[in-house]
Amino acid sequence: MKLTLQQLKVFATIARHGNLGGAASELCLSKGAVSQSLQELERQLATPLFDRVHPRLQLNNEGRLLQPAAEELLTRMQEIEQLFGPDAEPSGQLRLGASQTIGNYLLPSLLAGGAQELGSAPRVTIANTHLLCHSLAHFELDLALIEGENHHPDLVSEPWLEDEMLIIAPPQHPLAGQLELPLRLLAGETWVLREPQSGSREQFEQQIQPRLPRWQAGLELNTLEAVMLAVEKGLGISFISRLAVSDRLHSGRLVALTPSQTFPRQLSLVWHKQKFHSAALRRFLAFCRAQTLPAP
């Protein structure tokens with residue numbers, strides 16, 4: 001048996017895209033060349049690696065067994081190439097995911113503060129927690145920084161920073177300024193919320209919704225900026241991260257209603273449990289673990 005790195009690279013790329021066309025485009029090869037390479041790999045292993053469900057190729061059990069090993073070998077080969085490159089230091093580009101609060105309000109300053117230490121800029125995907133965990137499970141990302149909970153059995157979650165959730169309203173809201181605000185007084189309020197499976201929506205469903213005798217859903221929006229602007233315009237109240245809303249609180253465009261309890265939220269670092277940790281990934285994890293959030 002003579003497997004080649006090119007065959008493994010083709011296999012891993014097809015596994016990420018789920019079709020020959022996307023893999024061919026990424027690898028700058030023809031679909032015929034990609035198909036031939038996959039067929040030769042399957043011939044040498046004496047087993048198919050995908051179920052052909054036109055127009056997609058779905059990993060079968062054997063393919064799922066091979067994928068983490070192939071990804072690790074390719075990462076190690078990339079490190080070897082970089083080790084003997086002009087800069088003599090492994091610095092491969094990381095594929096990072098970040099949920100919206102982290103991606104929009106924390107990650108830019110984080111990356112700016114560690115630009116020299118981190119080397120090449122990572123490729124960043126901003127999406128909700130559910131989509132990021134799906135991408136991690138399929139080795140489409142190296143690491144994700146999330147604000148929701150990981151429910152995927154193949155992923156490892158490490159507690160990272162602690163954020164705080166706030167109930168926000170426009171300044172003219174009748175309950176604004178009250179020092180003590182039991183949650184029952186918010187019954188009947190209209191809520192502007194993020195989409196299902198987002199970290200913010202999950203927090204609302206766990207910490208607020210069960211404590212309301214009744215509540216009314218208003219707008220459902222898929223970005224934090226849209227949610228906050230809707231609250232500014234008087235379309236309802238919302239449950240938002242302090243990281244996201246702090247500038248609007250300081251400028252007086254929004255106010256935090258003050259219930260008689262706080263709502264801490266755990267931010268997490270998440271990766272696939274079979275993911276090989278390259279030098280670049282190890283360095284970024286160490287950098288993240290050294291960070292702290294500024295006091296409110």
# chains A, B, ... in the order shown; residues from 1 in each chain; ligands from 1

$ residues_around --residues "stretch 104-112 of chain A" --least-positions-apart "3" --cutoff "12 Å" --atoms "only C-alpha atoms" --output "PyMOL selection string"
chain A and resi 96-101+115-128+144-147+161+163+223-225+241-247+267+284+287-294

$ write_last_selection --atoms "N, CA and C atoms" --output "compact mmCIF listing (two decimals), in the first residue's frame"
# COMPACT_ATOMS: atom_id res chain seq x y z
N LEU A 96 -10.33 30.18 12.62
CA LEU A 96 -11.02 30.45 13.87
C LEU A 96 -12.49 30.71 13.62
N GLY A 97 -13.31 30.28 14.57
CA GLY A 97 -14.72 30.64 14.58
C GLY A 97 -15.01 31.44 15.83
N ALA A 98 -15.95 32.37 15.72
CA ALA A 98 -16.35 33.16 16.89
C ALA A 98 -17.84 33.42 16.81
N SER A 99 -18.53 33.24 17.92
CA SER A 99 -19.94 33.61 17.94
C SER A 99 -20.04 35.13 17.92
N GLN A 100 -21.26 35.64 17.67
CA GLN A 100 -21.37 37.05 17.27
C GLN A 100 -20.87 38.04 18.31
N THR A 101 -21.21 37.83 19.58
CA THR A 101 -20.74 38.78 20.59
C THR A 101 -19.22 38.82 20.63
N ALA A 115 -1.08 40.78 17.89
CA ALA A 115 -0.69 40.67 16.48
C ALA A 115 0.74 40.16 16.33
N GLN A 116 1.67 40.72 17.08
CA GLN A 116 3.07 40.31 16.94
C GLN A 116 3.28 38.90 17.45
N GLU A 117 2.64 38.57 18.55
CA GLU A 117 2.82 37.25 19.15
C GLU A 117 2.20 36.14 18.31
N LEU A 118 1.08 36.44 17.64
CA LEU A 118 0.33 35.41 16.95
C LEU A 118 0.81 35.14 15.53
N GLY A 119 1.64 36.01 14.98
CA GLY A 119 2.14 35.77 13.62
C GLY A 119 1.07 36.09 12.59
N SER A 120 0.86 35.18 11.62
CA SER A 120 -0.07 35.46 10.53
C SER A 120 -1.50 35.57 11.05
N ALA A 121 -2.26 36.47 10.44
CA ALA A 121 -3.64 36.70 10.87
C ALA A 121 -4.48 35.47 10.59
N PRO A 122 -5.34 35.08 11.52
CA PRO A 122 -6.19 33.91 11.30
C PRO A 122 -7.32 34.23 10.32
N ARG A 123 -7.91 33.18 9.77
CA ARG A 123 -9.12 33.32 8.96
C ARG A 123 -10.30 33.11 9.90
N VAL A 124 -11.16 34.12 10.01
CA VAL A 124 -12.20 34.12 11.04
C VAL A 124 -13.58 33.95 10.43
N THR A 125 -14.37 33.06 11.00
CA THR A 125 -15.78 32.89 10.64
C THR A 125 -16.63 33.30 11.83
N ILE A 126 -17.58 34.21 11.61
CA ILE A 126 -18.49 34.65 12.67
C ILE A 126 -19.87 34.06 12.39
N ALA A 127 -20.39 33.30 13.33
CA ALA A 127 -21.70 32.65 13.17
C ALA A 127 -22.24 32.34 14.55
N ASN A 128 -23.44 31.78 14.61
CA ASN A 128 -23.96 31.42 15.93
C ASN A 128 -23.31 30.14 16.44
N ALA A 144 -12.97 27.37 18.03
CA ALA A 144 -14.05 28.36 18.08
C ALA A 144 -14.12 28.97 19.47
N LEU A 145 -14.47 30.24 19.51
CA LEU A 145 -14.68 30.98 20.75
C LEU A 145 -16.18 31.25 20.82
N ILE A 146 -16.85 30.59 21.75
CA ILE A 146 -18.31 30.63 21.75
C ILE A 146 -18.87 31.17 23.05
N GLU A 147 -20.12 31.66 22.97
CA GLU A 147 -20.80 32.19 24.15
C GLU A 147 -21.95 31.31 24.59
N LEU A 161 -13.58 33.02 29.48
CA LEU A 161 -13.86 34.25 30.18
C LEU A 161 -15.31 34.26 30.65
N ASP A 163 -18.66 36.51 30.97
CA ASP A 163 -19.38 37.69 30.52
C ASP A 163 -20.59 37.88 31.43
N THR A 223 -28.69 39.40 14.06
CA THR A 223 -27.47 40.13 14.44
C THR A 223 -27.74 40.94 15.70
N LEU A 224 -26.71 41.10 16.51
CA LEU A 224 -26.85 41.86 17.75
C LEU A 224 -27.11 43.34 17.48
N GLU A 225 -26.47 43.89 16.45
CA GLU A 225 -26.68 45.30 16.12
C GLU A 225 -28.14 45.55 15.78
N SER A 241 -25.53 40.73 25.89
CA SER A 241 -24.23 40.71 26.55
C SER A 241 -23.75 42.13 26.87
N ARG A 242 -23.14 42.28 28.05
CA ARG A 242 -22.54 43.58 28.39
C ARG A 242 -21.45 43.95 27.38
N LEU A 243 -20.71 42.98 26.87
CA LEU A 243 -19.69 43.25 25.87
C LEU A 243 -20.27 43.99 24.67
N ALA A 244 -21.46 43.55 24.24
CA ALA A 244 -22.06 44.12 23.04
C ALA A 244 -22.68 45.49 23.30
N VAL A 245 -23.27 45.69 24.46
CA VAL A 245 -24.10 46.87 24.67
C VAL A 245 -23.39 47.98 25.44
N SER A 246 -22.16 47.76 25.88
CA SER A 246 -21.50 48.73 26.77
C SER A 246 -21.40 50.13 26.17
N ASP A 247 -21.07 50.25 24.88
CA ASP A 247 -20.96 51.58 24.26
C ASP A 247 -22.30 52.31 24.27
N LEU A 267 -18.02 32.19 28.65
CA LEU A 267 -17.48 32.07 27.29
C LEU A 267 -16.52 30.88 27.27
N PHE A 284 -1.96 30.15 20.11
CA PHE A 284 -3.17 30.96 20.23
C PHE A 284 -3.96 30.59 21.48
N PHE A 287 -2.34 32.19 24.38
CA PHE A 287 -2.63 33.62 24.36
C PHE A 287 -4.03 33.90 24.90
N CYS A 288 -5.02 33.11 24.47
CA CYS A 288 -6.40 33.30 24.93
C CYS A 288 -6.50 33.08 26.43
N ARG A 289 -5.83 32.03 26.93
CA ARG A 289 -5.92 31.71 28.36
C ARG A 289 -5.32 32.81 29.25
N ALA A 290 -4.47 33.64 28.67
CA ALA A 290 -3.84 34.71 29.45
C ALA A 290 -4.69 35.98 29.48
N GLN A 291 -5.84 35.99 28.77
CA GLN A 291 -6.64 37.22 28.68
C GLN A 291 -7.60 37.34 29.85
N THR A 292 -7.99 38.57 30.11
CA THR A 292 -9.04 38.87 31.09
C THR A 292 -9.95 39.93 30.48
N LEU A 293 -11.19 39.98 30.95
CA LEU A 293 -12.11 41.02 30.52
C LEU A 293 -11.99 42.22 31.44
N PRO A 294 -12.08 43.45 30.89
CA PRO A 294 -12.07 44.62 31.77
C PRO A 294 -13.29 44.64 32.66

$ residues_around --residues "A:Val34" --least-positions-apart "3" --cutoff "9 Å" --atoms "only C-alpha atoms" --output "mmCIF file with N, CA, C and O atoms, in the first residue's frame"
data_model
loop_
_atom_site.group_PDB
_atom_site.id
_atom_site.type_symbol
_atom_site.label_atom_id
_atom_site.label_comp_id
_atom_site.auth_asym_id
_atom_site.auth_seq_id
_atom_site.Cartn_x
_atom_site.Cartn_y
_atom_site.Cartn_z
ATOM 1 N N GLN A 7 -3.226 12.336 -1.967
ATOM 2 C CA GLN A 7 -4.487 11.602 -1.839
ATOM 3 C C GLN A 7 -5.210 11.976 -0.544
ATOM 4 O O GLN A 7 -6.423 12.177 -0.530
ATOM 5 N N VAL A 10 -6.639 15.499 -0.874
ATOM 6 C CA VAL A 10 -7.867 15.477 -1.671
ATOM 7 C C VAL A 10 -9.025 14.932 -0.840
ATOM 8 O O VAL A 10 -10.124 15.495 -0.813
ATOM 9 N N PHE A 11 -8.777 13.833 -0.132
ATOM 10 C CA PHE A 11 -9.827 13.242 0.711
ATOM 11 C C PHE A 11 -10.324 14.230 1.752
ATOM 12 O O PHE A 11 -11.543 14.420 1.934
ATOM 13 N N ILE A 14 -12.405 17.048 0.181
ATOM 14 C CA ILE A 14 -13.743 16.577 -0.201
ATOM 15 C C ILE A 14 -14.611 16.426 1.044
ATOM 16 O O ILE A 14 -15.793 16.785 1.051
ATOM 17 N N LEU A 20 -17.281 17.117 -5.018
ATOM 18 C CA LEU A 20 -16.038 17.171 -5.801
ATOM 19 C C LEU A 20 -15.764 18.583 -6.303
ATOM 20 O O LEU A 20 -14.606 19.008 -6.374
ATOM 21 N N GLY A 21 -16.825 19.313 -6.677
ATOM 22 C CA GLY A 21 -16.629 20.637 -7.258
ATOM 23 C C GLY A 21 -15.956 21.605 -6.305
ATOM 24 O O GLY A 21 -15.005 22.297 -6.679
ATOM 25 N N ALA A 23 -14.128 20.885 -3.685
ATOM 26 C CA ALA A 23 -12.756 20.428 -3.427
ATOM 27 C C ALA A 23 -11.848 20.766 -4.597
ATOM 28 O O ALA A 23 -10.705 21.210 -4.404
ATOM 29 N N ALA A 24 -12.328 20.553 -5.812
ATOM 30 C CA ALA A 24 -11.518 20.849 -6.998
ATOM 31 C C ALA A 24 -11.168 22.328 -7.060
ATOM 32 O O ALA A 24 -10.038 22.711 -7.382
ATOM 33 N N LEU A 27 -8.476 23.150 -4.430
ATOM 34 C CA LEU A 27 -7.181 22.538 -4.733
ATOM 35 C C LEU A 27 -6.623 22.965 -6.088
ATOM 36 O O LEU A 27 -5.502 22.569 -6.439
ATOM 37 N N LEU A 29 -7.625 21.972 -9.017
ATOM 38 C CA LEU A 29 -7.541 20.773 -9.845
ATOM 39 C C LEU A 29 -8.860 20.604 -10.588
ATOM 40 O O LEU A 29 -9.866 21.229 -10.253
ATOM 41 N N SER A 30 -8.852 19.753 -11.594
ATOM 42 C CA SER A 30 -10.100 19.430 -12.280
ATOM 43 C C SER A 30 -10.905 18.449 -11.432
ATOM 44 O O SER A 30 -10.347 17.721 -10.600
ATOM 45 N N LYS A 31 -12.221 18.420 -11.657
ATOM 46 C CA LYS A 31 -13.048 17.458 -10.940
ATOM 47 C C LYS A 31 -12.622 16.031 -11.263
ATOM 48 O O LYS A 31 -12.657 15.151 -10.400
ATOM 49 N N SER A 37 -8.130 10.734 -7.842
ATOM 50 C CA SER A 37 -7.314 10.610 -6.636
ATOM 51 C C SER A 37 -8.103 9.909 -5.530
ATOM 52 O O SER A 37 -7.570 9.039 -4.824
ATOM 53 N N LEU A 38 -9.380 10.271 -5.367
ATOM 54 C CA LEU A 38 -10.213 9.633 -4.358
ATOM 55 C C LEU A 38 -10.409 8.147 -4.672
ATOM 56 O O LEU A 38 -10.307 7.288 -3.782
ATOM 57 N N GLN A 39 -10.660 7.829 -5.926
ATOM 58 C CA GLN A 39 -10.858 6.427 -6.314
ATOM 59 C C GLN A 39 -9.612 5.596 -6.034
ATOM 60 O O GLN A 39 -9.694 4.453 -5.568
#

$ closest_residue --among "A:Trp271, A:Phe239, A:Phe276, A:Phe50" --to "A:Glu164" --atoms "only C-alpha atoms"
A:Phe239

$ residues_around --residues "A:Asn61" --least-positions-apart "3" --cutoff "8 Å" --atoms "only C-alpha atoms" --output "PDB file with all heavy atoms, in the first residue's frame"
ATOM      1  N   LEU A  49     -14.991   5.422   1.128  1.00  0.00           N
ATOM      2  CA  LEU A  49     -14.896   6.361   2.254  1.00  0.00           C
ATOM      3  C   LEU A  49     -16.101   7.289   2.328  1.00  0.00           C
ATOM      4  O   LEU A  49     -16.275   8.001   3.329  1.00  0.00           O
ATOM      5  CB  LEU A  49     -13.613   7.195   2.121  1.00  0.00           C
ATOM      6  CG  LEU A  49     -12.321   6.377   2.124  1.00  0.00           C
ATOM      7  CD1 LEU A  49     -11.138   7.251   1.729  1.00  0.00           C
ATOM      8  CD2 LEU A  49     -12.084   5.739   3.481  1.00  0.00           C
ATOM      9  N   ARG A  64     -15.126   8.645   8.340  1.00  0.00           N
ATOM     10  CA  ARG A  64     -15.039   9.382   9.613  1.00  0.00           C
ATOM     11  C   ARG A  64     -13.854   8.901  10.443  1.00  0.00           C
ATOM     12  O   ARG A  64     -13.272   9.677  11.207  1.00  0.00           O
ATOM     13  CB  ARG A  64     -16.347   9.233  10.389  1.00  0.00           C
ATOM     14  CG  ARG A  64     -17.485  10.085   9.837  1.00  0.00           C
ATOM     15  CD  ARG A  64     -18.690  10.083  10.768  1.00  0.00           C
ATOM     16  NE  ARG A  64     -19.378   8.796  10.737  1.00  0.00           N
ATOM     17  CZ  ARG A  64     -20.343   8.480   9.882  1.00  0.00           C
ATOM     18  NH1 ARG A  64     -20.731   9.367   8.983  1.00  0.00           N
ATOM     19  NH2 ARG A  64     -20.924   7.298   9.920  1.00  0.00           N
ATOM     20  N   LEU A  65     -13.487   7.630  10.307  1.00  0.00           N
ATOM     21  CA  LEU A  65     -12.319   7.108  11.017  1.00  0.00           C
ATOM     22  C   LEU A  65     -11.029   7.694  10.450  1.00  0.00           C
ATOM     23  O   LEU A  65     -10.083   7.993  11.193  1.00  0.00           O
ATOM     24  CB  LEU A  65     -12.303   5.579  10.897  1.00  0.00           C
ATOM     25  CG  LEU A  65     -11.232   4.817  11.685  1.00  0.00           C
ATOM     26  CD1 LEU A  65     -11.451   4.991  13.187  1.00  0.00           C
ATOM     27  CD2 LEU A  65     -11.254   3.339  11.306  1.00  0.00           C
TER      28      LEU A  65
END

$ select_by_dssp --residues "stretch 149-258 of chain A" --states "alpha helix (DSSP H)" --output "list in words"
Gly199, Ser200, Arg201, Glu202, Gln203, Leu224, Glu225, Ala226, Val227, Met228, Leu229, Ala230, Val231, Glu232, Arg242, Leu243, Ala244, Val245, Ser246, Asp247, Arg248, Leu249, His250 and Ser251 of chain A

$ residues_around --residues "A:Trp215" --least-positions-apart "4" --cutoff "10 Å" --atoms "only C-alpha atoms" --output "list in words"
Arg184, Leu186, Ala187, Gly188, Glu189, Thr190, Trp191, Ile208, Gln209, Pro210 and Arg211 of chain A

$ atom_distance --atom1 "atom CA of A:Ser238" --atom2 "atom CA of A:Ala169"
6.9 Å

$ select_by_dssp --residues "stretch 12-132 of chain A" --states "strand (DSSP E or B)" --output "ChimeraX atom specification"
/A:50-53,56-59,95-98,123-126

$ write_last_selection --atoms "all heavy atoms" --output "short mmCIF file (atom, residue, chain, number, x, y, z; two decimals), in the first residue's frame"
data_model
loop_
_atom_site.label_atom_id
_atom_site.label_comp_id
_atom_site.auth_asym_id
_atom_site.auth_seq_id
_atom_site.Cartn_x
_atom_site.Cartn_y
_atom_site.Cartn_z
N PHE A 50 -16.91 7.31 1.28
CA PHE A 50 -18.08 8.18 1.23
C PHE A 50 -19.29 7.39 0.76
O PHE A 50 -19.16 6.43 -0.01
CB PHE A 50 -17.86 9.35 0.24
CG PHE A 50 -16.79 10.31 0.64
CD1 PHE A 50 -15.47 10.13 0.21
CD2 PHE A 50 -17.08 11.42 1.42
CE1 PHE A 50 -14.48 11.03 0.56
CE2 PHE A 50 -16.09 12.33 1.77
CZ PHE A 50 -14.79 12.13 1.35
N ASP A 51 -20.46 7.80 1.21
CA ASP A 51 -21.71 7.36 0.61
C ASP A 51 -22.08 8.37 -0.46
O ASP A 51 -22.12 9.58 -0.19
CB ASP A 51 -22.82 7.29 1.67
CG ASP A 51 -22.57 6.18 2.68
OD1 ASP A 51 -22.01 5.14 2.29
OD2 ASP A 51 -22.93 6.36 3.87
N ARG A 52 -22.31 7.88 -1.67
CA ARG A 52 -22.65 8.78 -2.78
C ARG A 52 -24.14 9.08 -2.75
O ARG A 52 -24.96 8.24 -3.09
CB ARG A 52 -22.28 8.15 -4.12
CG ARG A 52 -20.85 8.40 -4.58
CD ARG A 52 -19.80 7.69 -3.75
NE ARG A 52 -18.45 7.83 -4.35
CZ ARG A 52 -17.35 7.38 -3.80
NH1 ARG A 52 -17.41 6.74 -2.63
NH2 ARG A 52 -16.18 7.54 -4.41
N VAL A 53 -24.50 10.26 -2.26
CA VAL A 53 -25.88 10.71 -2.22
C VAL A 53 -25.96 11.96 -3.09
O VAL A 53 -25.73 13.07 -2.63
CB VAL A 53 -26.34 11.03 -0.78
CG1 VAL A 53 -27.82 11.40 -0.75
CG2 VAL A 53 -26.06 9.87 0.15
N ARG A 56 -24.17 15.12 -3.27
CA ARG A 56 -23.18 15.23 -2.19
C ARG A 56 -22.48 13.91 -1.93
O ARG A 56 -22.99 12.83 -2.28
CB ARG A 56 -23.85 15.70 -0.89
CG ARG A 56 -24.41 17.12 -0.98
CD ARG A 56 -24.86 17.61 0.38
NE ARG A 56 -23.78 17.64 1.35
CZ ARG A 56 -22.85 18.59 1.42
NH1 ARG A 56 -22.86 19.58 0.56
NH2 ARG A 56 -21.91 18.54 2.35
N LEU A 57 -21.31 14.02 -1.32
CA LEU A 57 -20.56 12.86 -0.84
C LEU A 57 -20.56 12.93 0.69
O LEU A 57 -20.01 13.85 1.28
CB LEU A 57 -19.13 12.87 -1.37
CG LEU A 57 -18.96 12.75 -2.89
CD1 LEU A 57 -17.50 12.89 -3.28
CD2 LEU A 57 -19.51 11.43 -3.37
N GLN A 58 -21.20 11.97 1.33
CA GLN A 58 -21.30 11.94 2.79
C GLN A 58 -20.30 10.94 3.34
O GLN A 58 -20.23 9.80 2.89
CB GLN A 58 -22.72 11.50 3.21
CG GLN A 58 -23.83 12.39 2.68
CD GLN A 58 -24.02 13.63 3.53
OE1 GLN A 58 -23.27 13.87 4.46
NE2 GLN A 58 -25.02 14.42 3.21
N LEU A 59 -19.50 11.37 4.31
CA LEU A 59 -18.55 10.45 4.95
C LEU A 59 -19.28 9.25 5.54
O LEU A 59 -20.28 9.40 6.24
CB LEU A 59 -17.79 11.17 6.07
CG LEU A 59 -16.62 12.08 5.68
CD1 LEU A 59 -16.15 12.84 6.90
CD2 LEU A 59 -15.48 11.31 5.06
N ARG A 95 -7.79 28.63 11.36
CA ARG A 95 -9.19 28.81 10.96
C ARG A 95 -10.00 28.94 12.26
O ARG A 95 -10.28 27.95 12.92
CB ARG A 95 -9.67 27.64 10.13
CG ARG A 95 -8.89 27.43 8.83
CD ARG A 95 -9.24 26.09 8.21
NE ARG A 95 -8.90 25.00 9.11
CZ ARG A 95 -9.30 23.73 8.93
NH1 ARG A 95 -10.04 23.41 7.90
NH2 ARG A 95 -8.94 22.79 9.79
N LEU A 96 -10.33 30.18 12.62
CA LEU A 96 -11.02 30.45 13.87
C LEU A 96 -12.49 30.71 13.62
O LEU A 96 -12.87 31.30 12.61
CB LEU A 96 -10.43 31.68 14.57
CG LEU A 96 -8.99 31.60 15.06
CD1 LEU A 96 -8.63 32.91 15.75
CD2 LEU A 96 -8.80 30.42 16.01
N GLY A 97 -13.31 30.28 14.57
CA GLY A 97 -14.72 30.64 14.58
C GLY A 97 -15.01 31.44 15.83
O GLY A 97 -14.39 31.24 16.87
N ALA A 98 -15.95 32.37 15.72
CA ALA A 98 -16.35 33.16 16.89
C ALA A 98 -17.84 33.42 16.81
O ALA A 98 -18.36 33.77 15.74
CB ALA A 98 -15.58 34.48 16.94
N ARG A 123 -7.91 33.18 9.77
CA ARG A 123 -9.12 33.32 8.96
C ARG A 123 -10.30 33.11 9.90
O ARG A 123 -10.42 32.06 10.53
CB ARG A 123 -9.11 32.28 7.84
CG ARG A 123 -10.20 32.50 6.79
CD ARG A 123 -10.01 31.58 5.61
NE ARG A 123 -10.35 30.21 5.95
CZ ARG A 123 -9.77 29.15 5.41
NH1 ARG A 123 -8.78 29.30 4.57
NH2 ARG A 123 -10.16 27.93 5.74
N VAL A 124 -11.16 34.12 10.01
CA VAL A 124 -12.20 34.12 11.04
C VAL A 124 -13.58 33.95 10.43
O VAL A 124 -13.91 34.62 9.44
CB VAL A 124 -12.15 35.41 11.88
CG1 VAL A 124 -13.26 35.42 12.93
CG2 VAL A 124 -10.79 35.58 12.55
N THR A 125 -14.37 33.06 11.00
CA THR A 125 -15.78 32.89 10.64
C THR A 125 -16.63 33.30 11.83
O THR A 125 -16.43 32.80 12.93
CB THR A 125 -16.07 31.42 10.29
OG1 THR A 125 -15.28 31.03 9.16
CG2 THR A 125 -17.54 31.21 9.97
N ILE A 126 -17.58 34.21 11.61
CA ILE A 126 -18.49 34.65 12.67
C ILE A 126 -19.87 34.06 12.39
O ILE A 126 -20.43 34.28 11.31
CB ILE A 126 -18.54 36.18 12.76
CG1 ILE A 126 -17.17 36.74 13.13
CG2 ILE A 126 -19.58 36.63 13.79
CD1 ILE A 126 -17.09 38.25 13.17
#

$ atom_distance --atom1 "atom CA of A:Leu41" --atom2 "atom CA of A:His17"
17.7 Å

$ residues_around --residues "A:Arg76" --least-positions-apart "6" --cutoff "10 Å" --atoms "only C-alpha atoms" --output "PyMOL selection string"
chain A and resi 70+82+276-279

$ write_last_selection --atoms "all heavy atoms" --output "compact mmCIF listing (two decimals), in the first residue's frame"
# COMPACT_ATOMS: atom_id res chain seq x y z
N ALA A 70 -6.07 11.97 8.83
CA ALA A 70 -5.61 12.68 7.63
C ALA A 70 -5.35 14.14 7.94
O ALA A 70 -4.33 14.72 7.52
CB ALA A 70 -6.64 12.53 6.52
N GLN A 82 6.92 24.71 7.09
CA GLN A 82 7.15 26.03 7.67
C GLN A 82 8.40 26.06 8.55
O GLN A 82 9.07 27.08 8.65
CB GLN A 82 5.92 26.44 8.48
CG GLN A 82 4.70 26.70 7.61
CD GLN A 82 3.41 26.68 8.38
OE1 GLN A 82 3.37 26.26 9.53
NE2 GLN A 82 2.33 27.12 7.75
N PHE A 276 -5.50 17.67 15.98
CA PHE A 276 -4.08 17.84 16.30
C PHE A 276 -3.80 19.31 16.56
O PHE A 276 -4.18 20.18 15.78
CB PHE A 276 -3.22 17.33 15.15
CG PHE A 276 -1.76 17.70 15.28
CD1 PHE A 276 -0.98 17.15 16.29
CD2 PHE A 276 -1.18 18.63 14.42
CE1 PHE A 276 0.35 17.49 16.42
CE2 PHE A 276 0.16 18.97 14.55
CZ PHE A 276 0.92 18.40 15.56
N HIS A 277 -3.12 19.61 17.67
CA HIS A 277 -2.82 20.99 18.03
C HIS A 277 -1.48 21.39 17.44
O HIS A 277 -0.42 21.02 17.96
CB HIS A 277 -2.82 21.17 19.55
CG HIS A 277 -4.18 21.17 20.15
ND1 HIS A 277 -4.50 21.83 21.31
CD2 HIS A 277 -5.33 20.60 19.72
CE1 HIS A 277 -5.78 21.66 21.59
NE2 HIS A 277 -6.30 20.91 20.65
N SER A 278 -1.52 22.14 16.36
CA SER A 278 -0.31 22.64 15.73
C SER A 278 0.35 23.67 16.64
O SER A 278 -0.24 24.12 17.63
CB SER A 278 -0.64 23.28 14.38
OG SER A 278 -1.44 24.44 14.59
N ALA A 279 1.57 24.08 16.28
CA ALA A 279 2.26 25.11 17.07
C ALA A 279 1.45 26.40 17.08
O ALA A 279 1.34 27.08 18.10
CB ALA A 279 3.65 25.35 16.50

$ residues_around --residues "A:Pro48" --least-positions-apart "5" --cutoff "9 Å" --atoms "only C-alpha atoms" --output "ChimeraX atom specification"
/A:39,41-43,60,62-63

$ residues_around --residues "A:Pro171" --least-positions-apart "2" --cutoff "7 Å" --atoms "only C-alpha atoms" --output "number ranges by chain"
A: 169, 173, 176, 253-255

$ write_last_selection --atoms "C-alpha atoms" --output "short mmCIF file (atom, residue, chain, number, x, y, z; two decimals), in the first residue's frame"
data_model
loop_
_atom_site.label_atom_id
_atom_site.label_comp_id
_atom_site.auth_asym_id
_atom_site.auth_seq_id
_atom_site.Cartn_x
_atom_site.Cartn_y
_atom_site.Cartn_z
CA ALA A 169 -34.49 48.92 27.26
CA HIS A 173 -38.99 52.85 29.34
CA ALA A 176 -35.91 52.36 33.70
CA ARG A 253 -28.84 55.32 23.91
CA LEU A 254 -29.91 52.30 25.97
CA VAL A 255 -30.27 51.55 29.66
#
